[in-house]
Amino acid sequence: MTAIRVLLVDDDPLVRAGLSFMMGGADDIEIVGEAADGGEVEALVDRTRPHVVLMDIRMPAVDGLTATESLRRREDAPQVVVLTTFHADEQVLRALRAGAAGFVLKDTPPAEIVAAVRRVAAGDPVLSPAVTRQLMAHAAGAAADARRTRARERVADLNDREREVAVAVGRGLANADIAAELYMSVATVKTHVSRILAKLGLNNRVQIALLAHDAGLLEEPGDH
(Lines give C-alpha, C1' and ligand atoms only; values in the text may rest on other atoms or scores of the structure.)
Protein backbone atom coordinates (compact mmCIF):
# COMPACT_ATOMS: atom_id res chain seq x y z
CA MET A 1 0.00 0.00 0.00
CA THR A 2 1.28 3.47 -0.88
CA ALA A 3 2.05 5.56 2.18
CA ILE A 4 0.07 8.79 2.72
CA ARG A 5 2.53 11.62 2.13
CA VAL A 6 2.05 14.41 4.68
CA LEU A 7 3.48 17.95 4.79
CA LEU A 8 3.49 19.76 8.17
CA VAL A 9 3.08 23.56 8.20
CA ASP A 10 3.31 25.34 11.58
CA ASP A 11 5.48 28.18 12.83
CA ASP A 12 6.03 26.44 16.18
CA PRO A 13 8.87 23.88 15.93
CA LEU A 14 7.56 22.07 19.01
CA VAL A 15 4.16 21.57 17.39
CA ARG A 16 5.84 20.25 14.22
CA ALA A 17 8.02 17.93 16.26
CA GLY A 18 5.01 16.61 18.16
CA LEU A 19 3.00 16.01 15.00
CA SER A 20 5.97 14.34 13.31
CA PHE A 21 6.49 12.08 16.32
CA MET A 22 2.84 11.07 16.65
CA MET A 23 2.45 10.28 12.95
CA GLY A 24 5.86 8.75 12.52
CA GLY A 25 4.65 5.62 14.27
CA ALA A 26 1.96 4.96 11.67
CA ASP A 27 3.11 2.49 9.01
CA ASP A 28 0.91 4.07 6.33
CA ILE A 29 1.97 7.72 6.86
CA GLU A 30 5.19 9.37 5.71
CA ILE A 31 6.18 12.91 6.74
CA VAL A 32 7.71 14.29 3.53
CA GLY A 33 8.46 17.84 4.67
CA GLU A 34 7.98 20.64 7.18
CA ALA A 35 7.42 24.38 6.77
CA ALA A 36 7.41 27.20 9.32
CA ASP A 37 5.37 29.63 7.21
CA GLY A 38 2.72 29.59 4.50
CA GLY A 39 5.12 31.28 2.10
CA GLU A 40 7.23 28.11 1.97
CA VAL A 41 4.34 25.81 1.12
CA GLU A 42 4.05 26.03 -2.69
CA ALA A 43 7.73 25.25 -3.30
CA LEU A 44 7.64 22.40 -0.78
CA VAL A 45 4.51 20.93 -2.38
CA ASP A 46 6.26 21.04 -5.77
CA ARG A 47 9.24 19.22 -4.31
CA THR A 48 7.59 16.68 -1.99
CA ARG A 49 4.18 16.00 -3.67
CA PRO A 50 2.20 15.45 -0.45
CA HIS A 51 -1.27 13.91 -0.40
CA VAL A 52 -2.26 15.84 2.74
CA VAL A 53 -1.07 19.16 4.19
CA LEU A 54 -1.58 19.82 7.91
CA MET A 55 -1.81 23.62 7.92
CA ASP A 56 -1.62 26.00 10.88
CA ILE A 57 -3.84 29.06 10.39
CA ARG A 58 -1.86 31.68 12.30
CA MET A 59 1.67 32.20 11.01
CA PRO A 60 3.73 35.41 11.00
CA ALA A 61 4.30 36.12 7.29
CA VAL A 62 1.91 34.16 5.04
CA ASP A 63 -0.97 32.71 7.06
CA GLY A 64 -2.54 29.30 6.56
CA LEU A 65 -5.67 30.75 4.99
CA THR A 66 -3.74 32.43 2.18
CA ALA A 67 -1.61 29.32 1.68
CA THR A 68 -4.72 27.10 1.55
CA GLU A 69 -6.35 29.31 -1.07
CA SER A 70 -3.21 29.15 -3.21
CA LEU A 71 -2.88 25.38 -2.88
CA ARG A 72 -6.52 24.62 -3.69
CA ARG A 73 -6.27 26.56 -6.95
CA ARG A 74 -3.70 24.06 -8.23
CA GLU A 75 -4.79 21.27 -10.57
CA ASP A 76 -2.87 18.72 -8.48
CA ALA A 77 -4.00 20.22 -5.19
CA PRO A 78 -3.25 18.17 -2.06
CA GLN A 79 -5.93 17.88 0.59
CA VAL A 80 -5.58 20.47 3.36
CA VAL A 81 -6.47 19.91 7.01
CA VAL A 82 -6.40 23.09 9.08
CA LEU A 83 -4.74 23.04 12.52
CA THR A 84 -6.29 25.42 15.02
CA THR A 85 -6.75 26.13 18.70
CA PHE A 86 -10.29 27.41 18.14
CA HIS A 87 -13.55 25.58 17.44
CA ALA A 88 -15.67 28.46 16.18
CA ASP A 89 -13.19 30.60 14.34
CA GLU A 90 -14.11 32.80 11.38
CA GLN A 91 -10.74 31.98 9.84
CA VAL A 92 -11.46 28.25 10.04
CA LEU A 93 -14.70 28.78 8.16
CA ARG A 94 -12.89 30.86 5.53
CA ALA A 95 -10.33 28.08 5.12
CA LEU A 96 -13.14 25.56 4.59
CA ARG A 97 -14.74 27.85 2.00
CA ALA A 98 -11.33 28.05 0.31
CA GLY A 99 -11.28 24.27 -0.04
CA ALA A 100 -9.80 22.80 3.15
CA ALA A 101 -11.20 19.32 3.76
CA GLY A 102 -11.66 19.91 7.48
CA PHE A 103 -9.87 20.96 10.60
CA VAL A 104 -8.49 19.44 13.78
CA LEU A 105 -7.76 21.12 17.08
CA LYS A 106 -4.11 21.09 18.12
CA ASP A 107 -5.00 19.37 21.40
CA THR A 108 -6.82 16.56 19.60
CA PRO A 109 -5.59 13.10 20.77
CA PRO A 110 -2.82 11.78 18.47
CA ALA A 111 -4.84 8.78 17.29
CA GLU A 112 -7.64 11.09 16.12
CA ILE A 113 -5.24 13.29 14.14
CA VAL A 114 -3.82 10.19 12.44
CA ALA A 115 -7.37 9.01 11.70
CA ALA A 116 -8.21 12.44 10.27
CA VAL A 117 -5.24 12.30 7.90
CA ARG A 118 -6.32 8.85 6.73
CA ARG A 119 -9.91 9.98 6.18
CA VAL A 120 -8.91 13.04 4.17
CA ALA A 121 -6.47 11.00 2.07
CA ALA A 122 -9.37 8.67 1.27
CA GLY A 123 -11.48 11.61 0.10
CA ASP A 124 -13.70 12.03 3.16
CA PRO A 125 -14.09 15.35 4.98
CA VAL A 126 -12.93 15.73 8.58
CA LEU A 127 -15.90 17.65 9.84
CA SER A 128 -18.86 16.51 11.88
CA PRO A 129 -22.28 17.99 11.13
CA ALA A 130 -22.42 19.35 14.70
CA VAL A 131 -19.15 21.23 14.28
CA THR A 132 -20.28 22.49 10.89
CA ARG A 133 -23.45 23.92 12.44
CA GLN A 134 -21.41 25.54 15.20
CA LEU A 135 -19.14 27.22 12.66
CA MET A 136 -22.13 28.34 10.59
CA ALA A 137 -23.86 29.86 13.60
CA HIS A 138 -20.66 31.71 14.46
CA ALA A 139 -20.47 33.15 10.94
CA ALA A 140 -24.13 34.18 10.78
CA GLY A 141 -24.85 37.87 10.84
CA ALA A 142 -24.85 40.84 8.53
CA ALA A 143 -23.15 39.02 5.67
CA ALA A 144 -25.48 36.02 5.92
CA ASP A 145 -28.35 37.49 3.88
CA ALA A 146 -26.13 38.40 0.93
CA ARG A 147 -24.45 35.01 1.10
CA ARG A 148 -27.84 33.25 1.15
CA THR A 149 -28.96 35.11 -1.97
CA ARG A 150 -25.77 34.17 -3.83
CA ALA A 151 -25.96 30.57 -2.63
CA ARG A 152 -29.58 30.19 -3.77
CA GLU A 153 -28.68 31.51 -7.20
CA ARG A 154 -25.93 28.89 -7.45
CA VAL A 155 -27.95 25.89 -6.25
CA ALA A 156 -30.69 26.82 -8.74
CA ASP A 157 -28.42 25.18 -11.33
CA LEU A 158 -28.96 21.79 -9.67
CA ASN A 159 -31.76 19.45 -10.69
CA ASP A 160 -34.06 17.98 -8.02
CA ARG A 161 -32.01 14.81 -7.51
CA GLU A 162 -28.74 16.70 -7.25
CA ARG A 163 -30.32 19.04 -4.74
CA GLU A 164 -31.44 16.06 -2.61
CA VAL A 165 -27.90 14.68 -2.68
CA ALA A 166 -26.44 18.11 -1.79
CA VAL A 167 -28.75 18.34 1.22
CA ALA A 168 -27.73 14.84 2.35
CA VAL A 169 -24.04 15.75 2.00
CA GLY A 170 -24.76 18.90 4.01
CA ARG A 171 -26.27 16.75 6.76
CA GLY A 172 -23.00 14.86 6.95
CA LEU A 173 -24.22 11.57 5.49
CA ALA A 174 -21.73 9.15 3.91
CA ASN A 175 -22.34 7.89 0.36
CA ALA A 176 -23.74 4.56 1.57
CA ASP A 177 -26.26 6.34 3.83
CA ILE A 178 -27.27 8.72 1.04
CA ALA A 179 -27.77 5.74 -1.27
CA ALA A 180 -30.03 4.00 1.25
CA GLU A 181 -32.04 7.11 2.00
CA LEU A 182 -32.57 8.15 -1.62
CA TYR A 183 -32.94 4.62 -3.05
CA MET A 184 -29.99 4.72 -5.42
CA SER A 185 -26.69 2.90 -5.74
CA VAL A 186 -23.50 4.19 -4.14
CA ALA A 187 -22.04 4.59 -7.64
CA THR A 188 -24.99 6.82 -8.60
CA VAL A 189 -24.48 8.91 -5.46
CA LYS A 190 -20.81 9.39 -6.39
CA THR A 191 -21.84 10.43 -9.89
CA HIS A 192 -24.28 13.00 -8.50
CA VAL A 193 -21.63 14.35 -6.11
CA SER A 194 -19.17 14.69 -9.01
CA ARG A 195 -21.78 16.53 -11.08
CA ILE A 196 -22.59 18.88 -8.21
CA LEU A 197 -18.92 19.70 -7.76
CA ALA A 198 -18.51 20.35 -11.49
CA LYS A 199 -21.70 22.40 -11.89
CA LEU A 200 -21.01 24.62 -8.91
CA GLY A 201 -17.24 24.92 -9.34
CA LEU A 202 -16.56 23.34 -5.94
CA ASN A 203 -13.72 21.01 -5.05
CA ASN A 204 -14.90 18.90 -2.13
CA ARG A 205 -17.88 17.76 -0.05
CA VAL A 206 -17.24 20.31 2.69
CA GLN A 207 -17.88 23.09 0.19
CA ILE A 208 -21.13 21.38 -0.88
CA ALA A 209 -22.22 21.31 2.77
CA LEU A 210 -21.33 24.97 3.27
CA LEU A 211 -23.24 26.02 0.15
CA ALA A 212 -26.29 23.92 1.12
CA HIS A 213 -26.28 25.63 4.50
CA ASP A 214 -25.82 29.10 3.03
CA ALA A 215 -28.77 28.51 0.69
CA GLY A 216 -30.98 27.47 3.61
CA LEU A 217 -31.41 23.93 2.32
CA LEU A 218 -30.59 22.35 5.68
CA GLU A 219 -33.20 24.16 7.73
CA GLU A 220 -35.92 22.06 9.25
CA PRO A 221 -39.52 22.83 8.24
CA GLY A 222 -40.70 25.68 10.42
CA ASP A 223 -37.22 27.15 10.89
CA HIS A 224 -36.82 30.82 10.04
# chains A, B, ... in the order shown; residues from 1 in each chain; ligands from 1
$ residues_around --residues "Arg118 of chain A" --least-positions-apart "6" --cutoff "9 Å" --atoms "only C-alpha atoms" --output "VMD selection string"
chain A and resid 4 28 to 29 124
$ closest_residue --among "A:Thr191, A:Gln79, A:Ser185, A:Ser70" --to "Val126 of chain A" --atoms "only C-alpha atoms"
A:Gln79
$ closest_atom_pairs --of "segment 30-90 of chain A" --to "segment 98-104 of chain A" --cutoff "12 Å" --atoms "only C-alpha atoms" --output "CSV"
residue,atom,partner,partner_atom,distance
A:Val52,CA,A:Ala101,CA,9.6
A:Val53,CA,A:Ala100,CA,9.5
A:Leu54,CA,A:Phe103,CA,8.8
A:Met55,CA,A:Phe103,CA,8.9
A:Asp56,CA,A:Phe103,CA,9.7
A:Ile57,CA,A:Phe103,CA,10.1
A:Gly64,CA,A:Ala100,CA,10.3
A:Leu65,CA,A:Ala98,CA,7.8
A:Thr66,CA,A:Ala98,CA,9.0
A:Ala67,CA,A:Ala98,CA,9.9
A:Thr68,CA,A:Ala98,CA,6.8
A:Glu69,CA,A:Ala98,CA,5.3
A:Ser70,CA,A:Ala98,CA,8.9
A:Leu71,CA,A:Gly99,CA,8.9
A:Arg72,CA,A:Gly99,CA,6.0
A:Arg73,CA,A:Gly99,CA,8.8
A:Arg74,CA,A:Gly99,CA,11.2
A:Ala77,CA,A:Gly99,CA,9.8
A:Pro78,CA,A:Ala100,CA,9.6
A:Gln79,CA,A:Ala101,CA,6.3
A:Val80,CA,A:Ala100,CA,4.8
A:Val81,CA,A:Phe103,CA,5.1
A:Val82,CA,A:Phe103,CA,4.3
A:Leu83,CA,A:Val104,CA,5.3
A:Thr84,CA,A:Val104,CA,6.5
A:Thr85,CA,A:Val104,CA,8.5
A:Phe86,CA,A:Val104,CA,9.3
A:His87,CA,A:Val104,CA,8.8
A:Ala88,CA,A:Phe103,CA,11.0
A:Asp89,CA,A:Phe103,CA,10.9
$ closest_residue --among "A:Ala215, A:Val6, A:Arg58, A:Thr108" --to "Asp145 of chain A" --atoms "only C-alpha atoms"
A:Ala215
$ residues_around --residues "Asp12 of chain A" --least-positions-apart "4" --cutoff "12 Å" --atoms "only C-alpha atoms" --output "list in words"
Leu8, Arg16, Ala17, Gly18, Leu19, Glu34, Ala35, Ala36, Asp37, Met55, Asp56, Ile57, Arg58, Met59, Pro60, Leu83 and Lys106 of chain A
$ write_last_selection --atoms "all heavy atoms" --output "tab-separated table (two decimals), in the first residue's frame"
chain	number	residue	atom	x	y	z
A	8	LEU	N	3.86	19.04	6.95
A	8	LEU	CA	3.49	19.76	8.17
A	8	LEU	C	3.83	21.24	8.03
A	8	LEU	O	4.97	21.58	7.67
A	8	LEU	CB	4.25	19.19	9.38
A	8	LEU	CG	4.11	17.69	9.64
A	8	LEU	CD1	4.99	17.29	10.83
A	8	LEU	CD2	2.66	17.33	9.90
A	16	ARG	N	5.42	21.09	15.35
A	16	ARG	CA	5.84	20.25	14.22
A	16	ARG	C	6.50	18.97	14.71
A	16	ARG	O	6.24	17.88	14.20
A	16	ARG	CB	6.79	21.00	13.29
A	16	ARG	CG	6.17	22.19	12.58
A	16	ARG	CD	6.98	22.59	11.35
A	16	ARG	NE	8.39	22.80	11.63
A	16	ARG	CZ	8.94	23.93	12.06
A	16	ARG	NH1	8.16	24.98	12.30
A	16	ARG	NH2	10.24	24.02	12.26
A	17	ALA	N	7.34	19.11	15.73
A	17	ALA	CA	8.02	17.93	16.26
A	17	ALA	C	7.02	16.94	16.85
A	17	ALA	O	7.13	15.72	16.66
A	17	ALA	CB	9.04	18.34	17.32
A	18	GLY	N	6.03	17.48	17.57
A	18	GLY	CA	5.01	16.61	18.16
A	18	GLY	C	4.19	15.89	17.12
A	18	GLY	O	3.93	14.68	17.22
A	19	LEU	N	3.77	16.62	16.08
A	19	LEU	CA	3.00	16.01	15.00
A	19	LEU	C	3.83	14.95	14.27
A	19	LEU	O	3.34	13.87	13.95
A	19	LEU	CB	2.54	17.08	14.01
A	19	LEU	CG	1.46	18.04	14.49
A	19	LEU	CD1	1.32	19.21	13.54
A	19	LEU	CD2	0.12	17.32	14.64
A	34	GLU	N	8.49	19.73	6.17
A	34	GLU	CA	7.98	20.64	7.18
A	34	GLU	C	8.21	22.07	6.72
A	34	GLU	O	9.23	22.36	6.08
A	34	GLU	CB	8.68	20.41	8.52
A	34	GLU	CG	8.44	19.05	9.14
A	34	GLU	CD	9.10	18.92	10.51
A	34	GLU	OE1	9.50	19.97	11.08
A	34	GLU	OE2	9.21	17.79	11.01
A	35	ALA	N	7.27	22.96	7.07
A	35	ALA	CA	7.42	24.38	6.77
A	35	ALA	C	7.04	25.18	8.00
A	35	ALA	O	6.16	24.77	8.77
A	35	ALA	CB	6.55	24.77	5.58
A	36	ALA	N	7.69	26.34	8.17
A	36	ALA	CA	7.41	27.20	9.32
A	36	ALA	C	6.52	28.38	8.95
A	36	ALA	O	6.11	29.14	9.81
A	36	ALA	CB	8.72	27.71	9.92
A	37	ASP	N	6.20	28.51	7.64
A	37	ASP	CA	5.37	29.63	7.21
A	37	ASP	C	4.66	29.26	5.90
A	37	ASP	O	5.16	28.45	5.11
A	37	ASP	CB	6.22	30.88	6.99
A	37	ASP	CG	5.36	32.11	6.76
A	37	ASP	OD1	4.84	32.65	7.76
A	37	ASP	OD2	5.18	32.50	5.60
A	55	MET	N	-2.10	22.20	8.07
A	55	MET	CA	-1.81	23.62	7.92
A	55	MET	C	-2.25	24.44	9.14
A	55	MET	O	-3.45	24.51	9.45
A	55	MET	CB	-2.55	24.13	6.68
A	55	MET	CG	-2.33	25.61	6.37
A	55	MET	SD	-0.85	25.90	5.40
A	55	MET	CE	-1.43	25.32	3.79
A	56	ASP	N	-1.28	25.05	9.81
A	56	ASP	CA	-1.62	26.00	10.88
A	56	ASP	C	-2.25	27.24	10.25
A	56	ASP	O	-1.90	27.63	9.14
A	56	ASP	CB	-0.34	26.38	11.62
A	56	ASP	CG	-0.60	27.24	12.86
A	56	ASP	OD1	-1.74	27.19	13.37
A	56	ASP	OD2	0.32	27.94	13.29
A	57	ILE	N	-3.21	27.86	10.94
A	57	ILE	CA	-3.84	29.06	10.39
A	57	ILE	C	-3.01	30.31	10.68
A	57	ILE	O	-2.76	31.12	9.80
A	57	ILE	CB	-5.27	29.23	10.94
A	57	ILE	CG1	-6.21	28.29	10.20
A	57	ILE	CG2	-5.74	30.67	10.79
A	57	ILE	CD1	-7.67	28.60	10.41
A	58	ARG	N	-2.56	30.45	11.92
A	58	ARG	CA	-1.86	31.68	12.30
A	58	ARG	C	-0.35	31.51	12.18
A	58	ARG	O	0.26	30.80	12.96
A	58	ARG	CB	-2.25	32.06	13.74
A	58	ARG	CG	-3.69	32.52	13.84
A	58	ARG	CD	-4.09	32.73	15.29
A	58	ARG	NE	-5.41	33.33	15.39
A	58	ARG	CZ	-6.55	32.64	15.27
A	58	ARG	NH1	-6.52	31.34	15.04
A	58	ARG	NH2	-7.72	33.26	15.38
A	59	MET	N	0.21	32.20	11.19
A	59	MET	CA	1.67	32.20	11.01
A	59	MET	C	2.10	33.63	10.69
A	59	MET	O	1.31	34.42	10.17
A	59	MET	CB	2.07	31.22	9.90
A	59	MET	CG	1.89	29.76	10.32
A	59	MET	SD	2.32	28.56	9.04
A	59	MET	CE	0.90	28.71	7.93
A	60	PRO	N	3.34	33.99	11.00
A	60	PRO	CA	3.73	35.41	11.00
A	60	PRO	C	3.74	36.10	9.64
A	60	PRO	O	3.35	37.26	9.53
A	60	PRO	CB	5.13	35.39	11.62
A	60	PRO	CG	5.61	33.98	11.47
A	60	PRO	CD	4.40	33.12	11.54
A	83	LEU	N	-5.06	23.21	11.10
A	83	LEU	CA	-4.74	23.04	12.52
A	83	LEU	C	-5.12	24.32	13.25
A	83	LEU	O	-4.74	25.41	12.82
A	83	LEU	CB	-3.24	22.80	12.70
A	83	LEU	CG	-2.69	21.45	12.26
A	83	LEU	CD1	-1.17	21.51	12.21
A	83	LEU	CD2	-3.14	20.35	13.21
A	106	LYS	N	-5.49	21.51	17.82
A	106	LYS	CA	-4.11	21.09	18.12
A	106	LYS	C	-4.03	20.18	19.34
A	106	LYS	O	-3.07	19.42	19.47
A	106	LYS	CB	-3.23	22.33	18.33
A	106	LYS	CG	-2.96	23.09	17.05
A	106	LYS	CD	-1.96	24.21	17.27
A	106	LYS	CE	-1.70	24.94	15.96
A	106	LYS	NZ	-0.71	26.02	16.13
$ select_by_dssp --residues "chain A" --states "helix (DSSP H, G or I)" --output "PyMOL selection string"
chain A and resi 13-24+38-48+64-72+90-97+110-121+129-139+142-155+160-170+175-182+186-200+205-214
$ atom_distance --atom1 "atom CA of Ala198 of chain A" --atom2 "atom CA of Ala146 of chain A"
23.2 Å
$ atom_distance --atom1 "atom CA of Val189 of chain A" --atom2 "atom CA of Val165 of chain A"
7.3 Å
$ decode --residues "segment 47-60 of chain A" --atoms "N, CA and C atoms" --output "mmCIF file, in the first residue's frame"
data_model
loop_
_atom_site.group_PDB
_atom_site.id
_atom_site.type_symbol
_atom_site.label_atom_id
_atom_site.label_comp_id
_atom_site.auth_asym_id
_atom_site.auth_seq_id
_atom_site.Cartn_x
_atom_site.Cartn_y
_atom_site.Cartn_z
ATOM 1 N N ARG A 47 8.100 20.112 -4.510
ATOM 2 C CA ARG A 47 9.242 19.219 -4.311
ATOM 3 C C ARG A 47 8.838 17.882 -3.694
ATOM 4 N N THR A 48 7.864 17.902 -2.771
ATOM 5 C CA THR A 48 7.586 16.683 -1.992
ATOM 6 C C THR A 48 6.309 15.952 -2.404
ATOM 7 N N ARG A 49 5.426 16.619 -3.178
ATOM 8 C CA ARG A 49 4.184 16.001 -3.667
ATOM 9 C C ARG A 49 3.363 15.320 -2.558
ATOM 10 N N PRO A 50 2.972 16.066 -1.530
ATOM 11 C CA PRO A 50 2.196 15.446 -0.449
ATOM 12 C C PRO A 50 0.762 15.149 -0.873
ATOM 13 N N HIS A 51 0.156 14.169 -0.216
ATOM 14 C CA HIS A 51 -1.271 13.906 -0.397
ATOM 15 C C HIS A 51 -2.098 14.801 0.526
ATOM 16 N N VAL A 52 -1.547 15.065 1.726
ATOM 17 C CA VAL A 52 -2.260 15.844 2.739
ATOM 18 C C VAL A 52 -1.313 16.882 3.333
ATOM 19 N N VAL A 53 -1.825 18.111 3.512
ATOM 20 C CA VAL A 53 -1.066 19.164 4.189
ATOM 21 C C VAL A 53 -1.782 19.493 5.495
ATOM 22 N N LEU A 54 -1.057 19.368 6.619
ATOM 23 C CA LEU A 54 -1.576 19.823 7.914
ATOM 24 C C LEU A 54 -1.141 21.270 8.070
ATOM 25 N N MET A 55 -2.096 22.201 8.066
ATOM 26 C CA MET A 55 -1.805 23.624 7.918
ATOM 27 C C MET A 55 -2.248 24.437 9.136
ATOM 28 N N ASP A 56 -1.283 25.049 9.813
ATOM 29 C CA ASP A 56 -1.617 25.996 10.875
ATOM 30 C C ASP A 56 -2.246 27.240 10.250
ATOM 31 N N ILE A 57 -3.212 27.859 10.935
ATOM 32 C CA ILE A 57 -3.840 29.065 10.385
ATOM 33 C C ILE A 57 -3.006 30.309 10.680
ATOM 34 N N ARG A 58 -2.556 30.450 11.916
ATOM 35 C CA ARG A 58 -1.861 31.678 12.302
ATOM 36 C C ARG A 58 -0.351 31.513 12.183
ATOM 37 N N MET A 59 0.211 32.195 11.193
ATOM 38 C CA MET A 59 1.668 32.201 11.006
ATOM 39 C C MET A 59 2.095 33.630 10.690
ATOM 40 N N PRO A 60 3.344 33.993 11.004
ATOM 41 C CA PRO A 60 3.730 35.410 10.998
ATOM 42 C C PRO A 60 3.740 36.102 9.639
#
